[in-house]
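To start, the structure under review is shown below, and the notes come after it.
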Amino acid sequence: MGRVGVLLLNLGGPDKLEDVGPFLYNLFSDPEIIRLPFRWMQKPLAWFIATRREKTSQENYKQIGGGSPLRSITEEQGEALKTQLDAMGKEANIYVGMRYWHPYTEEAIAQLAQDNIDKLVILPLYPQFSISTSGSSFRLLEKLWQENPKLQPLEYTVIASWYKQPGYLQAMAELIIEQLNQFPNPDQAHIFFSAHGVPKSYVVEAGDPYQQEIEECTQLIMQTLNRPNAHTLAYQSRVGPVEWLQPYTEDALKELGEKGVKDLVVVPISFVSEHIETLQEIDIEYREIAEEAGIENFRRAAAPNTHPVFIQALADLVIESLEKPDLKLSQVTQMKKKVKMYPQERWEWGMTTSAEVWNGRIAMLGFIALIIEIITGRGLLHAIGLLQ
Ligand SMILES: C=CC1=C(C)c2cc3[nH]c(cc4nc(cc5[nH]c(cc1n2)c(C)c5CCC(=O)O)C(CCC(=O)O)=C4C)c(C)c3C=C
Ligand SMILES: [Fe+2]
Ligand SMILES: [Fe+2]
């Protein structure tokens, strides 16, 4: 086999405060993040929500030093992975492709198309698959492949999700043990898994396997940990008016406080890098809620970042994927059988006449409400906290 490339996919984050608005616009423009019945509504709504959310979001980024550390951590992970692969006798070029900010996936693809890579491994830095994360990046890659004839001959394989990888589970267990060992009674501490939430409809209507993968991942980490501690799984970072996966992290923390839990270790399990939702949301916002609820000792397991056991796990994943039959982007999006990804016209429920009529009515009502909200500055979207 000739020259190998590894494309690390991640979400991206604003490097500085001025980037927050455009970053949010990119994020909300993605139909895998906000699922609307009509494509033409996407950009105006993205602009509107991004503009209204920008200030609050900037305040949050200010609290963690004025920007997201996601780019620098992902680049460090890439360098560490390259070193580890070298040590295992596999030379590889590493590329970082972010979905909503620099370095964009498009930039990484343009670079690797020039580098004459013979085989590419596509590795999302999300252990579990969700339509809104890996799914969105795979969809974008499918489009880039279709648009660029230079990419057609490039051999590649996709790693769809990898939450069962033993090295990853081991790294998570070690990061939890580091925190448990800080308590006088390590076995008494409650282990609180906080996964990133997604709207419930992604799972129930669109067939996103995310919830099932998160639940299984939690069980596997607890088995690897092999300790007697009690544990809870809850979902954080809810945005917008609709119902997301439950229980919500804030409610579960309050409940544990009421039950008398005093020692707690929070474990973020949907991310492998520190970013705003660990550094600001968990470390500042959820800590405050927990302490108010009576939890006295609130600790958090670090994200895997460049933990050597984790980097070894990534290297093992790359090598194993090169030995297995290739998995194509189209297979990955179809594999999750009932997953309904965009474009909207592929949705089954949109195919019947009555559904189309109702889609139209709902969209029109939504658009009128949006216009009224823009004019008056009042309305449902910011009343429920999506827009501030
Ligand atoms: C509005 C819907 C959102 C869904 C669904 C969602 C899913 C999702 N996100 C991550 C990981 C990350 N999200 C990040 C930022 C971010 N995400 C949303 C919204 C949704 N995410 C917003 C509005 C933002 C911007 C930050 C903010 O204003 O709160 C990031 C980057 C963070 C950074 O450091 O900049 C990551 C990473 C996962 C894993 C996930 C579903 C599984
Ligand atoms: Fe997010
Ligand atoms: Fe968030």
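Letters A, B, ... mark the chains of the structure tokens in the order given; residue numbers begin at 1 per chain; ligand numbers begin at 1, in order shown.
If one restricts the calculation to only C-alpha atoms and all ligand atoms, the set of residues situated within 10 Å of ligand 3 consists of A:Ser57, A:Asn60, A:His196, A:Gly197, A:Gln236, A:Ser237, A:Arg238, A:Val239, A:His275, A:Ile276, A:Glu277, A:Thr278, A:Gln280, A:Glu281.
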Using only C-alpha atoms and all ligand atoms, what are the residues with an atom within 8 Å of ligand 1, set out as a ChimeraX atom specification? /A:10-14,23-24,27-28,32-34,53-54,56-58,60-61,67-70,126,128-133,195-199,210,237-240,270-271,273-277
Based on the backbone DSSP call, show me all residues of segment 145-363 of chain A assigned strand (DSSP E or B), as a ChimeraX atom specification. /A:155-158,190-196,199,231-236,244,248,263-268,297-300
Selection from above, N, CA, C and O atoms, as a short mmCIF file (atom, residue, chain, number, x, y, z; two decimals), in the first residue's frame, can you write it?
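What ended up in again-v9.cif:
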```cif
data_model
loop_
_atom_site.label_atom_id
_atom_site.label_comp_id
_atom_site.auth_asym_id
_atom_site.auth_seq_id
_atom_site.Cartn_x
_atom_site.Cartn_y
_atom_site.Cartn_z
N GLU A 155 -8.82 5.84 -3.10
CA GLU A 155 -9.36 4.75 -2.28
C GLU A 155 -9.56 5.26 -0.86
O GLU A 155 -8.66 5.91 -0.31
N TYR A 156 -10.68 4.95 -0.26
CA TYR A 156 -10.87 5.40 1.12
C TYR A 156 -11.73 4.41 1.89
O TYR A 156 -12.42 3.56 1.31
N THR A 157 -11.68 4.54 3.21
CA THR A 157 -12.58 3.76 4.06
C THR A 157 -13.03 4.64 5.22
O THR A 157 -12.30 5.54 5.65
N VAL A 158 -14.25 4.40 5.68
CA VAL A 158 -14.83 5.22 6.75
C VAL A 158 -14.93 4.43 8.04
O VAL A 158 -15.30 3.25 8.01
N HIS A 190 -20.43 9.35 43.15
CA HIS A 190 -21.40 9.03 42.10
C HIS A 190 -20.77 9.41 40.75
O HIS A 190 -20.25 10.52 40.59
N ILE A 191 -20.84 8.50 39.79
CA ILE A 191 -20.29 8.79 38.46
C ILE A 191 -21.41 9.26 37.55
O ILE A 191 -22.40 8.53 37.34
N PHE A 192 -21.27 10.46 37.03
CA PHE A 192 -22.35 11.10 36.28
C PHE A 192 -21.92 11.29 34.82
O PHE A 192 -21.12 12.17 34.51
N PHE A 193 -22.45 10.44 33.93
CA PHE A 193 -22.12 10.55 32.51
C PHE A 193 -23.00 11.64 31.90
O PHE A 193 -24.23 11.55 31.98
N SER A 194 -22.36 12.66 31.32
CA SER A 194 -23.12 13.72 30.67
C SER A 194 -22.83 13.68 29.18
O SER A 194 -21.74 14.03 28.73
N ALA A 195 -23.82 13.20 28.43
CA ALA A 195 -23.67 13.10 26.97
C ALA A 195 -24.27 14.35 26.35
O ALA A 195 -25.17 14.96 26.92
N HIS A 196 -23.77 14.73 25.17
CA HIS A 196 -24.41 15.83 24.47
C HIS A 196 -25.80 15.39 24.05
O HIS A 196 -25.97 14.28 23.56
N PRO A 199 -32.19 16.52 19.74
CA PRO A 199 -33.65 16.48 19.82
C PRO A 199 -34.16 15.03 19.77
O PRO A 199 -33.61 14.20 19.04
N HIS A 231 -23.98 5.00 39.16
CA HIS A 231 -23.79 5.92 38.05
C HIS A 231 -25.13 6.36 37.45
O HIS A 231 -26.16 5.70 37.64
N THR A 232 -25.08 7.49 36.74
CA THR A 232 -26.26 8.08 36.09
C THR A 232 -25.84 8.52 34.69
O THR A 232 -24.70 8.92 34.50
N LEU A 233 -26.78 8.45 33.75
CA LEU A 233 -26.55 9.02 32.42
C LEU A 233 -27.58 10.11 32.16
O LEU A 233 -28.78 9.89 32.38
N ALA A 234 -27.11 11.28 31.75
CA ALA A 234 -28.04 12.37 31.41
C ALA A 234 -27.51 13.13 30.19
O ALA A 234 -26.39 12.87 29.75
N TYR A 235 -28.34 14.02 29.65
CA TYR A 235 -28.00 14.70 28.38
C TYR A 235 -27.94 16.22 28.57
O TYR A 235 -28.86 16.80 29.13
N GLN A 236 -26.88 16.81 28.07
CA GLN A 236 -26.65 18.24 28.29
C GLN A 236 -26.85 19.07 27.02
O GLN A 236 -27.12 18.53 25.95
N TRP A 244 -35.66 17.32 23.90
CA TRP A 244 -34.40 16.61 23.60
C TRP A 244 -34.37 15.34 24.42
O TRP A 244 -35.28 15.06 25.21
N TYR A 248 -32.47 15.52 31.38
CA TYR A 248 -31.56 16.64 31.14
C TYR A 248 -30.55 16.68 32.31
O TYR A 248 -30.92 16.45 33.47
N ASP A 263 -20.53 13.53 46.72
CA ASP A 263 -19.32 13.44 45.89
C ASP A 263 -19.70 13.01 44.48
O ASP A 263 -20.35 11.98 44.31
N LEU A 264 -19.26 13.78 43.50
CA LEU A 264 -19.70 13.51 42.13
C LEU A 264 -18.55 13.68 41.14
O LEU A 264 -17.77 14.63 41.23
N VAL A 265 -18.45 12.74 40.19
CA VAL A 265 -17.50 12.91 39.08
C VAL A 265 -18.32 12.97 37.79
O VAL A 265 -19.03 12.03 37.45
N VAL A 266 -18.24 14.09 37.09
CA VAL A 266 -18.94 14.22 35.81
C VAL A 266 -18.02 13.71 34.71
O VAL A 266 -16.83 14.04 34.68
N VAL A 267 -18.60 12.90 33.81
CA VAL A 267 -17.81 12.32 32.71
C VAL A 267 -18.44 12.74 31.38
O VAL A 267 -19.53 12.27 31.04
N PRO A 268 -17.79 13.63 30.64
CA PRO A 268 -18.34 13.98 29.32
C PRO A 268 -18.06 12.84 28.34
O PRO A 268 -16.91 12.44 28.20
N ASN A 297 -18.76 18.06 46.60
CA ASN A 297 -17.48 17.86 45.91
C ASN A 297 -17.74 17.48 44.46
O ASN A 297 -18.05 16.33 44.14
N PHE A 298 -17.63 18.46 43.60
CA PHE A 298 -17.96 18.30 42.18
C PHE A 298 -16.65 18.23 41.41
O PHE A 298 -15.86 19.17 41.41
N ARG A 299 -16.38 17.10 40.78
CA ARG A 299 -15.16 16.96 39.97
C ARG A 299 -15.56 16.54 38.57
O ARG A 299 -16.66 16.04 38.35
N ARG A 300 -14.64 16.75 37.60
CA ARG A 300 -14.93 16.32 36.23
C ARG A 300 -13.75 15.55 35.67
O ARG A 300 -12.59 15.97 35.82
#
```
What's the separation between atom CA of Asn181 of chain A and atom CA of Leu125 of chain A, in Å to one decimal place? 27.9 Å
Segment 141-273 of chain A: which residues are helix (DSSP H, G or I) by DSSP, as JSON, numbers by chain? {"A": [141, 142, 143, 144, 145, 146, 147, 149, 150, 151, 166, 167, 168, 169, 170, 171, 172, 173, 174, 175, 176, 177, 178, 179, 180, 186, 187, 188, 200, 201, 202, 203, 204, 210, 211, 212, 213, 214, 215, 216, 217, 218, 219, 220, 221, 222, 223, 224, 225, 249, 250, 251, 252, 253, 254, 255, 256, 257, 258]}
Just write the chosen residues, C-alpha atoms, as a PDB file, in the first residue's frame.
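Contents of selection-v2.pdb, as written:
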```pdb
ATOM      1  CA  LEU A 141     -17.903  14.423   2.129  1.00  0.00           C
ATOM      2  CA  GLU A 142     -20.312  12.547  -0.150  1.00  0.00           C
ATOM      3  CA  LYS A 143     -21.114  15.873  -1.831  1.00  0.00           C
ATOM      4  CA  LEU A 144     -17.429  16.819  -2.182  1.00  0.00           C
ATOM      5  CA  TRP A 145     -16.679  13.414  -3.724  1.00  0.00           C
ATOM      6  CA  GLN A 146     -19.495  13.845  -6.243  1.00  0.00           C
ATOM      7  CA  GLU A 147     -18.338  17.354  -7.180  1.00  0.00           C
ATOM      8  CA  PRO A 149     -13.594  14.187 -10.324  1.00  0.00           C
ATOM      9  CA  LYS A 150     -10.032  14.186  -8.899  1.00  0.00           C
ATOM     10  CA  LEU A 151     -11.342  12.398  -5.822  1.00  0.00           C
ATOM     11  CA  PRO A 166     -11.087  -1.211  24.023  1.00  0.00           C
ATOM     12  CA  GLY A 167      -8.295   1.403  24.162  1.00  0.00           C
ATOM     13  CA  TYR A 168     -10.841   4.239  24.157  1.00  0.00           C
ATOM     14  CA  LEU A 169     -12.791   2.538  26.981  1.00  0.00           C
ATOM     15  CA  GLN A 170      -9.543   2.032  28.902  1.00  0.00           C
ATOM     16  CA  ALA A 171      -8.564   5.714  28.492  1.00  0.00           C
ATOM     17  CA  MET A 172     -12.015   6.779  29.759  1.00  0.00           C
ATOM     18  CA  ALA A 173     -11.719   4.438  32.757  1.00  0.00           C
ATOM     19  CA  GLU A 174      -8.271   5.845  33.618  1.00  0.00           C
ATOM     20  CA  LEU A 175      -9.538   9.431  33.395  1.00  0.00           C
ATOM     21  CA  ILE A 176     -12.411   8.563  35.757  1.00  0.00           C
ATOM     22  CA  ILE A 177     -10.111   6.758  38.212  1.00  0.00           C
ATOM     23  CA  GLU A 178      -7.851   9.853  38.330  1.00  0.00           C
ATOM     24  CA  GLN A 179     -10.826  11.794  39.713  1.00  0.00           C
ATOM     25  CA  LEU A 180     -12.217   9.032  41.956  1.00  0.00           C
ATOM     26  CA  PRO A 186     -13.509   6.694  46.062  1.00  0.00           C
ATOM     27  CA  ASP A 187     -16.225   3.972  45.958  1.00  0.00           C
ATOM     28  CA  GLN A 188     -18.863   6.344  47.403  1.00  0.00           C
ATOM     29  CA  LYS A 200     -35.705  13.375  20.697  1.00  0.00           C
ATOM     30  CA  SER A 201     -37.196  13.360  17.182  1.00  0.00           C
ATOM     31  CA  TYR A 202     -33.747  12.538  15.725  1.00  0.00           C
ATOM     32  CA  VAL A 203     -33.905   9.196  17.526  1.00  0.00           C
ATOM     33  CA  VAL A 204     -37.643   8.474  17.463  1.00  0.00           C
ATOM     34  CA  TYR A 210     -26.988   7.972  18.912  1.00  0.00           C
ATOM     35  CA  GLN A 211     -28.975   7.269  22.097  1.00  0.00           C
ATOM     36  CA  GLN A 212     -28.459   3.505  21.844  1.00  0.00           C
ATOM     37  CA  GLU A 213     -24.716   3.970  21.214  1.00  0.00           C
ATOM     38  CA  ILE A 214     -24.403   6.384  24.164  1.00  0.00           C
ATOM     39  CA  GLU A 215     -26.216   3.949  26.490  1.00  0.00           C
ATOM     40  CA  GLU A 216     -24.060   1.031  25.389  1.00  0.00           C
ATOM     41  CA  CYS A 217     -20.906   3.127  25.668  1.00  0.00           C
ATOM     42  CA  THR A 218     -21.817   4.081  29.253  1.00  0.00           C
ATOM     43  CA  GLN A 219     -22.268   0.400  30.160  1.00  0.00           C
ATOM     44  CA  LEU A 220     -18.963  -0.543  28.517  1.00  0.00           C
ATOM     45  CA  ILE A 221     -17.046   2.188  30.362  1.00  0.00           C
ATOM     46  CA  MET A 222     -18.579   1.039  33.671  1.00  0.00           C
ATOM     47  CA  GLN A 223     -17.586  -2.583  32.896  1.00  0.00           C
ATOM     48  CA  THR A 224     -14.042  -1.509  32.016  1.00  0.00           C
ATOM     49  CA  LEU A 225     -13.855   0.571  35.188  1.00  0.00           C
ATOM     50  CA  THR A 249     -28.260  17.069  32.965  1.00  0.00           C
ATOM     51  CA  GLU A 250     -29.493  19.970  35.123  1.00  0.00           C
ATOM     52  CA  ASP A 251     -32.560  18.002  36.324  1.00  0.00           C
ATOM     53  CA  ALA A 252     -30.548  14.873  37.057  1.00  0.00           C
ATOM     54  CA  LEU A 253     -27.998  16.883  39.075  1.00  0.00           C
ATOM     55  CA  LYS A 254     -30.760  18.457  41.168  1.00  0.00           C
ATOM     56  CA  GLU A 255     -32.316  15.047  41.793  1.00  0.00           C
ATOM     57  CA  LEU A 256     -29.008  13.568  42.955  1.00  0.00           C
ATOM     58  CA  GLY A 257     -28.454  16.561  45.247  1.00  0.00           C
ATOM     59  CA  GLU A 258     -31.917  16.014  46.758  1.00  0.00           C
TER      60      GLU A 258
END
```
Selected residue, from A:Asp15, A:Gly89, A:Tyr100, A:Val318, that lies nearest to ligand 2 when counting only C-alpha atoms and all ligand atoms: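 Counting only C-alpha atoms and all ligand atoms, the residue closest to ligand 2 is A:Tyr100.
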Best match for closeness to Lys90 of chain A among A:Val6, A:Arg227, A:Ile64, A:Arg35, counting only C-alpha atoms: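 That would be A:Val6, the residue with the smallest distance to Lys90 of chain A.
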Computed interatomic separation between atom CA of Arg99 of chain A and atom CA of Arg287 of chain A (Å): 29.3 Å
Two-atom distance - atom CA of Leu314 of chain A, atom CA of Tyr104 of chain A (Å):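 According to the coordinates, atom CA of Leu314 of chain A and atom CA of Tyr104 of chain A are separated by 21.2 Å.
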